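Colleague: Enclosed is the structure file model.txt (compact mmCIF, C-alpha atoms).
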# COMPACT_ATOMS: atom_id res chain seq x y z
CA MET A 1 46.52 200.39 115.36
CA LYS A 2 50.19 199.52 115.52
CA SER A 3 52.61 202.23 114.48
CA PRO A 4 54.75 201.35 111.47
CA LYS A 5 57.99 199.64 112.38
CA LYS A 6 60.90 202.03 112.24
CA LYS A 7 63.54 201.16 109.68
CA PRO A 8 66.98 200.38 111.10
CA PRO A 9 69.57 203.15 110.68
CA THR A 10 71.91 203.00 107.68
CA ILE A 11 75.56 203.82 107.33
CA LYS A 12 74.59 207.04 105.55
CA GLU A 13 72.77 208.19 108.69
CA VAL A 14 75.78 207.23 110.81
CA ALA A 15 78.04 209.29 108.55
CA ALA A 16 75.70 212.30 108.68
CA ARG A 17 75.46 212.19 112.48
CA ALA A 18 79.22 211.85 112.84
CA GLY A 19 79.86 214.67 110.39
CA VAL A 20 82.04 212.52 108.12
CA SER A 21 81.75 211.04 104.64
CA VAL A 22 80.20 207.61 104.05
CA MET A 23 83.67 206.48 102.97
CA THR A 24 85.16 207.52 106.29
CA ALA A 25 82.31 205.98 108.26
CA SER A 26 82.73 202.69 106.39
CA ARG A 27 86.46 202.67 107.06
CA ALA A 28 85.96 203.43 110.75
CA ILE A 29 83.36 200.68 111.17
CA ASN A 30 85.55 198.19 109.31
CA GLY A 31 88.59 199.09 111.39
CA LYS A 32 90.55 200.33 108.39
CA ALA A 33 93.53 202.65 108.54
CA LEU A 34 93.51 206.25 107.26
CA VAL A 35 90.86 207.30 109.77
CA SER A 36 91.79 209.93 112.32
CA ALA A 37 91.24 209.27 116.00
CA LYS A 38 88.71 212.10 116.11
CA ALA A 39 86.69 210.69 113.20
CA GLN A 40 86.88 207.20 114.68
CA ARG A 41 85.44 208.43 117.98
CA ALA A 42 82.71 210.40 116.19
CA VAL A 43 81.64 207.37 114.16
CA GLU A 44 81.67 205.10 117.21
CA GLN A 45 79.50 207.59 119.08
CA ALA A 46 77.09 207.86 116.14
CA VAL A 47 76.84 204.06 115.96
CA ALA A 48 76.01 203.96 119.69
CA ASP A 49 73.52 206.83 119.51
CA LEU A 50 71.63 205.43 116.52
CA GLY A 51 71.85 201.79 117.50
CA TYR A 52 73.39 201.01 114.13
CA VAL A 53 74.07 197.32 113.47
CA PRO A 54 76.70 196.86 110.76
CA ASN A 55 76.03 194.49 107.87
CA ALA A 56 75.41 191.16 109.51
CA SER A 57 77.60 188.97 107.34
CA ALA A 58 80.49 191.35 106.99
CA ARG A 59 80.75 191.68 110.75
CA ALA A 60 80.12 188.00 111.42
CA LEU A 61 82.89 187.07 109.05
CA ALA A 62 85.36 189.74 110.18
CA GLY A 63 88.87 188.48 109.77
CA SER A 64 87.78 186.05 107.05
CA ALA A 65 88.31 186.52 103.33
CA ASP A 66 84.82 185.24 102.60
CA ARG A 67 81.43 186.87 102.85
CA ARG A 68 78.14 185.05 102.68
CA VAL A 69 75.73 185.85 99.84
CA ALA A 70 72.32 184.35 99.13
CA LEU A 71 70.46 183.43 96.00
CA LEU A 72 66.79 183.89 96.86
CA HIS A 73 64.09 182.19 94.84
CA SER A 74 60.34 181.77 94.97
CA ASN A 75 58.06 178.90 94.05
CA SER A 76 57.42 180.58 90.68
CA THR A 77 61.06 180.19 89.61
CA THR A 78 61.22 177.17 87.29
CA SER A 79 63.68 174.41 88.17
CA ALA A 80 65.50 174.71 84.84
CA TYR A 81 66.02 178.47 85.23
CA LEU A 82 67.05 178.11 88.88
CA GLY A 83 69.42 175.28 88.00
CA GLU A 84 71.23 177.42 85.44
CA LEU A 85 71.49 180.31 87.91
CA LEU A 86 72.92 177.97 90.55
CA LEU A 87 75.53 176.52 88.22
CA GLY A 88 76.73 179.99 87.29
CA ALA A 89 76.74 181.33 90.84
CA LEU A 90 78.37 178.25 92.37
CA GLY A 91 81.16 178.37 89.82
CA GLU A 92 81.89 182.06 90.33
CA ALA A 93 81.43 182.51 94.09
CA PRO A 94 84.73 180.85 95.17
CA GLN A 95 86.61 182.98 92.64
CA ARG A 96 85.26 186.08 94.40
CA HIS A 97 85.88 184.73 97.93
CA LEU A 98 82.16 184.51 98.52
CA HIS A 99 80.20 181.73 100.21
CA LEU A 100 76.89 181.06 98.45
CA VAL A 101 73.74 179.96 100.23
CA VAL A 102 70.34 179.32 98.64
CA GLU A 103 67.20 180.51 100.36
CA GLN A 104 63.64 179.81 99.24
CA CYS A 105 60.98 182.38 99.99
CA ALA A 106 57.97 180.59 101.40
CA PRO A 107 54.77 181.04 99.36
CA GLY A 108 52.81 183.98 100.71
CA ALA A 109 55.67 185.26 102.85
CA PHE A 110 55.75 188.97 103.60
CA ALA A 111 58.81 191.03 102.73
CA PRO A 112 59.81 191.68 106.39
CA GLU A 113 59.74 187.91 107.06
CA ILE A 114 62.04 187.25 104.12
CA VAL A 115 64.44 189.95 105.25
CA GLU A 116 64.58 188.46 108.76
CA GLN A 117 65.25 185.06 107.21
CA VAL A 118 68.15 186.53 105.24
CA ALA A 119 69.51 188.46 108.22
CA LYS A 120 69.52 185.35 110.41
CA ALA A 121 71.62 183.62 107.75
CA HIS A 122 74.25 186.39 108.19
CA VAL A 123 74.07 187.36 104.54
CA ALA A 124 75.94 190.36 103.15
CA GLY A 125 74.32 190.43 99.73
CA VAL A 126 71.50 188.79 97.81
CA ILE A 127 70.75 187.88 94.22
CA LEU A 128 67.10 188.28 93.29
CA PRO A 129 65.85 186.49 90.15
CA PRO A 130 62.41 187.24 88.73
CA PRO A 131 59.88 187.97 90.11
CA LEU A 132 61.60 188.89 93.39
CA CYS A 133 63.79 191.48 91.66
CA ASP A 134 60.67 193.57 90.95
CA TRP A 135 59.35 193.46 94.53
CA ALA A 136 60.12 197.03 95.54
CA GLU A 137 59.30 196.57 99.23
CA LEU A 138 61.66 193.60 99.54
CA VAL A 139 64.49 195.46 97.83
CA GLU A 140 64.01 198.53 100.03
CA LEU A 141 63.94 196.51 103.26
CA LEU A 142 67.09 194.61 102.31
CA GLN A 143 68.87 197.85 101.50
CA ALA A 144 67.71 199.34 104.79
CA ARG A 145 69.64 196.54 106.50
CA ASP A 146 72.73 197.42 104.41
CA ILE A 147 72.41 194.18 102.47
CA ALA A 148 73.60 194.56 98.88
CA VAL A 149 71.07 193.63 96.20
CA VAL A 150 71.61 192.45 92.63
CA GLY A 151 68.52 191.93 90.49
CA ILE A 152 68.47 189.41 87.65
CA ALA A 153 66.55 190.92 84.72
CA PRO A 154 64.54 193.49 86.72
CA ASP A 155 61.87 195.50 84.94
CA ARG A 156 63.62 198.73 85.80
CA GLU A 157 66.60 199.85 87.80
CA GLY A 158 65.86 200.55 91.44
CA ALA A 159 67.75 203.09 93.48
CA GLY A 160 70.94 201.51 94.73
CA MET A 161 70.16 198.10 93.21
CA LEU A 162 72.76 196.54 90.95
CA SER A 163 71.37 194.50 88.07
CA VAL A 164 72.19 192.04 85.31
CA GLY A 165 69.96 191.26 82.38
CA THR A 166 69.39 190.94 78.67
CA ASP A 167 67.02 192.65 76.24
CA ASP A 168 63.92 190.43 76.42
CA ARG A 169 61.81 192.64 74.19
CA HIS A 170 64.35 192.81 71.39
CA ALA A 171 65.10 189.08 71.66
CA ALA A 172 61.39 188.27 71.30
CA TYR A 173 61.20 190.71 68.38
CA ASP A 174 64.06 188.89 66.64
CA LEU A 175 62.53 185.44 67.16
CA THR A 176 59.18 186.67 65.85
CA ARG A 177 60.91 188.17 62.83
CA HIS A 178 62.62 184.81 62.23
CA LEU A 179 59.20 183.12 62.12
CA ILE A 180 57.86 185.77 59.74
CA ASP A 181 60.90 185.40 57.49
CA LEU A 182 60.15 181.66 57.30
CA GLY A 183 56.73 182.61 55.94
CA HIS A 184 54.51 182.31 59.02
CA ARG A 185 51.65 184.74 59.40
CA ARG A 186 49.47 182.86 61.90
CA ILE A 187 51.71 182.90 64.99
CA GLY A 188 50.51 181.91 68.46
CA PHE A 189 52.08 183.13 71.68
CA ILE A 190 52.10 181.41 75.08
CA GLU A 191 52.57 183.98 77.83
CA GLY A 192 54.72 183.47 80.92
CA ASN A 193 53.93 184.10 84.56
CA PRO A 194 52.29 187.54 84.80
CA ARG A 195 54.33 188.22 87.97
CA HIS A 196 57.50 188.07 85.88
CA ARG A 197 57.95 191.34 84.04
CA ALA A 198 60.11 189.55 81.46
CA SER A 199 56.94 187.88 80.20
CA ALA A 200 55.38 191.25 79.41
CA ARG A 201 58.56 192.43 77.69
CA ARG A 202 58.62 189.32 75.48
CA LEU A 203 54.96 189.74 74.59
CA GLN A 204 55.63 193.38 73.71
CA GLY A 205 58.48 192.39 71.41
CA PHE A 206 56.18 189.86 69.72
CA ARG A 207 53.42 192.44 69.23
CA ASP A 208 55.83 195.12 68.03
CA CYS A 209 57.32 192.86 65.39
CA LEU A 210 53.94 191.82 64.01
CA ALA A 211 52.86 195.47 63.88
CA ASP A 212 56.07 196.58 62.16
CA CYS A 213 55.63 193.83 59.56
CA GLY A 214 52.00 194.77 58.94
CA ILE A 215 50.62 191.45 60.18
CA ASP A 216 47.21 191.40 61.86
CA LEU A 217 47.13 189.60 65.21
CA ASP A 218 44.22 187.39 66.17
CA GLU A 219 43.98 187.84 69.95
CA ARG A 220 42.82 184.22 70.26
CA TRP A 221 46.39 183.24 69.41
CA ILE A 222 47.72 184.79 72.62
CA VAL A 223 47.05 182.40 75.51
CA PRO A 224 48.06 182.50 79.19
CA GLY A 225 50.80 180.41 80.77
CA ASP A 226 52.94 180.65 83.89
CA PHE A 227 56.31 179.26 82.64
CA SER A 228 55.47 175.76 83.92
CA TYR A 229 55.26 172.65 81.72
CA ARG A 230 51.70 172.05 82.92
CA SER A 231 50.58 175.49 81.78
CA GLY A 232 52.24 174.87 78.42
CA LEU A 233 50.15 171.74 77.93
CA ASP A 234 46.93 173.65 78.60
CA ALA A 235 47.95 176.56 76.37
CA ALA A 236 48.95 174.31 73.47
CA GLU A 237 45.69 172.38 73.71
CA GLN A 238 43.87 175.70 73.42
CA LEU A 239 45.91 176.89 70.42
CA LEU A 240 46.00 173.62 68.48
CA GLY A 241 42.30 173.06 69.14
CA LEU A 242 41.23 176.22 67.32
CA ASP A 243 39.31 175.90 64.05
CA THR A 244 42.15 177.85 62.45
CA PRO A 245 45.21 177.03 64.56
CA PRO A 246 48.44 178.99 64.23
CA SER A 247 51.15 177.63 61.94
CA ALA A 248 53.78 178.58 64.51
CA ILE A 249 53.84 178.85 68.30
CA PHE A 250 56.23 181.07 70.24
CA ALA A 251 56.28 179.94 73.88
CA CYS A 252 57.66 182.32 76.47
CA ASN A 253 60.10 179.70 77.80
CA ASP A 254 61.47 176.28 76.87
CA ASP A 255 59.36 174.34 79.38
CA MET A 256 56.13 175.54 77.79
CA ALA A 257 57.52 175.03 74.28
CA ALA A 258 58.43 171.43 75.17
CA ALA A 259 54.88 170.95 76.47
CA ALA A 260 53.50 172.31 73.19
CA ILE A 261 55.57 169.75 71.27
CA THR A 262 54.12 167.00 73.47
CA VAL A 263 50.57 168.13 72.69
CA ALA A 264 51.38 168.22 68.97
CA HIS A 265 52.72 164.65 69.15
CA GLN A 266 49.58 163.54 70.98
CA ARG A 267 47.43 165.09 68.28
CA ARG A 268 49.59 163.49 65.55
CA ILE A 269 50.64 166.92 64.34
CA ASN A 270 54.13 166.85 62.90
CA VAL A 271 56.69 169.30 64.29
CA PRO A 272 57.92 171.19 62.33
CA ALA A 273 56.24 170.06 59.08
CA ASP A 274 52.73 170.98 60.29
CA VAL A 275 53.52 173.44 63.09
CA THR A 276 56.66 175.28 64.12
CA ILE A 277 57.28 175.56 67.88
CA CYS A 278 59.93 177.80 69.45
CA GLY A 279 60.95 178.60 73.01
CA PHE A 280 63.03 181.04 75.01
CA ASP A 281 66.03 180.65 77.41
CA ASP A 282 67.91 177.69 75.86
CA THR A 283 67.92 175.62 79.03
CA PRO A 284 69.29 172.03 78.74
CA LEU A 285 65.75 170.83 78.01
CA ALA A 286 65.81 172.65 74.65
CA SER A 287 68.41 170.29 73.18
CA ALA A 288 67.25 167.17 75.07
CA ILE A 289 63.81 166.80 73.47
CA TRP A 290 62.76 165.77 69.97
CA PRO A 291 62.72 167.72 67.84
CA ALA A 292 65.28 169.96 69.53
CA LEU A 293 63.97 173.48 70.10
CA THR A 294 64.70 176.60 68.16
CA THR A 295 64.97 179.13 70.97
CA ILE A 296 66.57 182.30 72.27
CA ARG A 297 69.73 181.58 74.22
CA GLN A 298 69.53 183.76 77.28
CA PRO A 299 72.89 183.60 79.09
CA ILE A 300 71.41 182.57 82.44
CA ARG A 301 74.64 181.13 83.84
CA ASP A 302 76.56 184.18 82.74
CA MET A 303 73.98 186.45 84.37
CA ALA A 304 74.54 184.61 87.66
CA ARG A 305 78.31 184.89 87.26
CA GLU A 306 78.01 188.61 86.59
CA ALA A 307 75.72 189.01 89.61
CA ILE A 308 78.33 187.37 91.84
CA GLY A 309 80.96 189.59 90.25
CA LEU A 310 78.93 192.71 91.01
CA LEU A 311 78.58 191.67 94.65
CA GLY A 312 82.32 191.02 94.88
CA ALA A 313 83.08 194.44 93.39
CA HIS A 314 80.56 196.05 95.75
CA PHE A 315 82.20 194.50 98.80
CA ARG A 316 85.61 195.58 97.60
CA ASN A 317 84.32 199.14 97.22
CA GLU A 318 82.74 198.91 100.66
CA ASP A 319 86.02 197.83 102.22
CA GLU A 320 87.89 200.61 100.46
CA GLY A 321 85.24 203.22 101.18
CA ALA A 322 84.55 203.76 97.47
CA ALA A 323 81.20 204.27 95.75
CA ASP A 324 79.30 201.87 93.47
CA GLU A 325 78.38 204.35 90.73
CA ALA A 326 80.60 202.63 88.15
CA LEU A 327 78.96 199.21 88.70
CA GLY A 328 75.37 199.91 87.66
CA ARG A 329 73.63 197.60 85.21
CA VAL A 330 75.26 194.85 83.16
CA LYS A 331 73.56 194.00 79.86
CA LEU A 332 74.46 190.67 78.22
CA ASP A 333 73.87 189.55 74.65
CA TYR A 334 71.34 186.93 73.60
CA GLN A 335 71.49 184.59 70.61
CA LEU A 336 68.86 183.00 68.39
CA ILE A 337 69.61 179.26 68.28
CA ARG A 338 68.01 177.44 65.37
CA ARG A 339 67.48 173.70 65.75
CA GLN A 340 64.90 171.26 64.35
CA SER A 341 61.55 172.59 65.60
CA ASP A 342 61.02 175.30 62.97
CA ALA A 343 60.33 175.21 59.23
CA ILE A 344 58.47 177.03 56.51
CA PRO A 345 54.69 176.78 57.00
CA ALA A 346 52.81 173.88 55.52
CA ARG A 347 50.56 174.71 52.56
CA HIS A 348 46.95 173.81 53.30
Go ahead and render the structure in this file as structure tokens.
Modeller:
Amino acid sequence: MKSPKKKPPTIKEVAARAGVSVMTASRAINGKALVSAKAQRAVEQAVADLGYVPNASARALAGSADRRVALLHSNSTTSAYLGELLLGALGEAPQRHLHLVVEQCAPGAFAPEIVEQVAKAHVAGVILPPPLCDWAELVELLQARDIAVVGIAPDREGAGMLSVGTDDRHAAYDLTRHLIDLGHRRIGFIEGNPRHRASARRLQGFRDCLADCGIDLDERWIVPGDFSYRSGLDAAEQLLGLDTPPSAIFACNDDMAAAAITVAHQRRINVPADVTICGFDDTPLASAIWPALTTIRQPIRDMAREAIGLLGAHFRNEDEGAADEALGRVKLDYQLIRRQSDAIPARH
């Protein structure tokens, strides 16, 4: 049996061995002033003893104003969501003197393989959208290589991981309450990819709202999906094919909601006169289809901009030997956008 691979040393271990603070060790490694000759020698010796390799991108780009950061994504990230993230990140990166690269994680790849892929790209920091942001092993291995990590909408805050998100549960609660206020009592729900924790949070908000309003939930009205358009077609066929179909459908993202509208059209069911259909995210698709979707506007582009901003602030702190405690988690507001796909329920 092979022994587990030893994790590479971190700057904290270098600082401890040299008998200096992490701030001083960072300054010494980065060649900054305000470090005594004695401390400089101690840090250099600790680096040699431990075999410490400084952050790949920061060292590779020494003398340059730019660092390289990566947006990682998996095959379960929808194109609409990824597109919005890219637009936000690409617009913000130059403002922060960061060079953005996009890396896809191959299906079935192990966390160490992904980390090697990132390291070879000389990346100083990564942005992890769902579901990668909730992959604890990947986050830990990246951090062990002194690569900064920002999670987009992670399920919970990990040690040392910066994060940006919105309140999925409360947003789903508000959309469900909107449907109830319209008069709907038979409300179907199309789940998202079970690997994305946001899907569970949205389902919880849906359930909580129904319970708080004293509305019984028929479990047949909750059907699986995976955020893809194809899964939305299958889910809508299941819901609209019931003997007593729901009068409203809440899909966990806009792609699946758009698919549900397609199925309704195919069945000659009028949207919204006969069935209300709502989505989540407010991607460009939501306003491009007919009828345009009522949905939750999740500020995806702004989340990407904030993620880039957090990385920029982290690198500035790193250069100055400061800590990241003040950065933490950024929470952005959502908005319920009402368009043409919702109405009061039809009277049968």
Colleague: Could you give me, as a PyMOL selection string, the residues within 10 Å of A:Phe110, counting only C-alpha atoms and dropping anything in the same chain fewer than 4 positions from it?
Modeller: chain A and resi 105-106+114-115+137-138
Colleague: What's the 8 Å shell around A:His184, counting all atoms listed in the file, without same-chain residues fewer than 2 positions away, as a list in words?
Modeller: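 So the residues in contact are Leu179, Ile180, Asp181, Leu182, Arg186, Ile187, Ser247, Ala248, Ile344 and Pro345 of chain A.
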Colleague: Smallest atom-to-atom distance to A:His97: which of A:Ala251, A:Arg67, A:Ala346, A:Glu191, using all atoms listed in the file?
Modeller: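 Ranking A:Ala251, A:Arg67, A:Ala346, A:Glu191 by distance to A:His97, first place goes to A:Arg67.
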Colleague: Suppose you want the space between atom CA of A:Glu92 and atom CA of A:Leu310; what is it in Å?
Modeller: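 Value for the atom CA of A:Glu92-atom CA of A:Leu310 distance: 11.1 Å.
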Colleague: Compare A:Ile308, A:Ala171, A:Ala109, A:Ile296 by their minimum atom-to-atom distance to A:Ala89, counting only C-alpha atoms, and give me the closest one.
Modeller: A:Ile308
Colleague: Just to confirm, what's the straight-line distance from atom CA of A:Ala286 to atom CA of A:Ile337 in Å (one decimal)?
Modeller: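 The value is 9.9 Å.
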Colleague: Would you mind telling me which residue in A:Leu98, A:Val223, A:Val263, A:Val69 lies nearest to A:Ile190 when using only C-alpha atoms?
Modeller: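 Looking at the shortest contact to A:Ile190, the residue is A:Val223.
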Colleague: Identify which of the residues A:Arg305, A:Ala46, A:Thr262, A:Thr176 lies closest to A:Ala211, counting all atoms listed in the file when measuring atom-to-atom distances.
Modeller: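 Looking only at the distances to A:Ala211, the closest residue turns out to be A:Thr176.
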Colleague: So, with only C-alpha atoms as the atoms that count, which of A:Ala172, A:Val123, A:Asp319, A:Arg195 lies closest to A:Ala28?
Modeller: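 Using only C-alpha atoms, the shortest distance to A:Ala28 belongs to A:Asp319.
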Colleague: Skipping near chain neighbours, those fewer than 5 positions away, what residues fall within 10 Å of stretch 238-244 of chain A using only C-alpha atoms, listed as number ranges by chain?
Modeller: A: 186-190, 220-224, 232-233, 249, 260, 263-264, 267, 269, 275
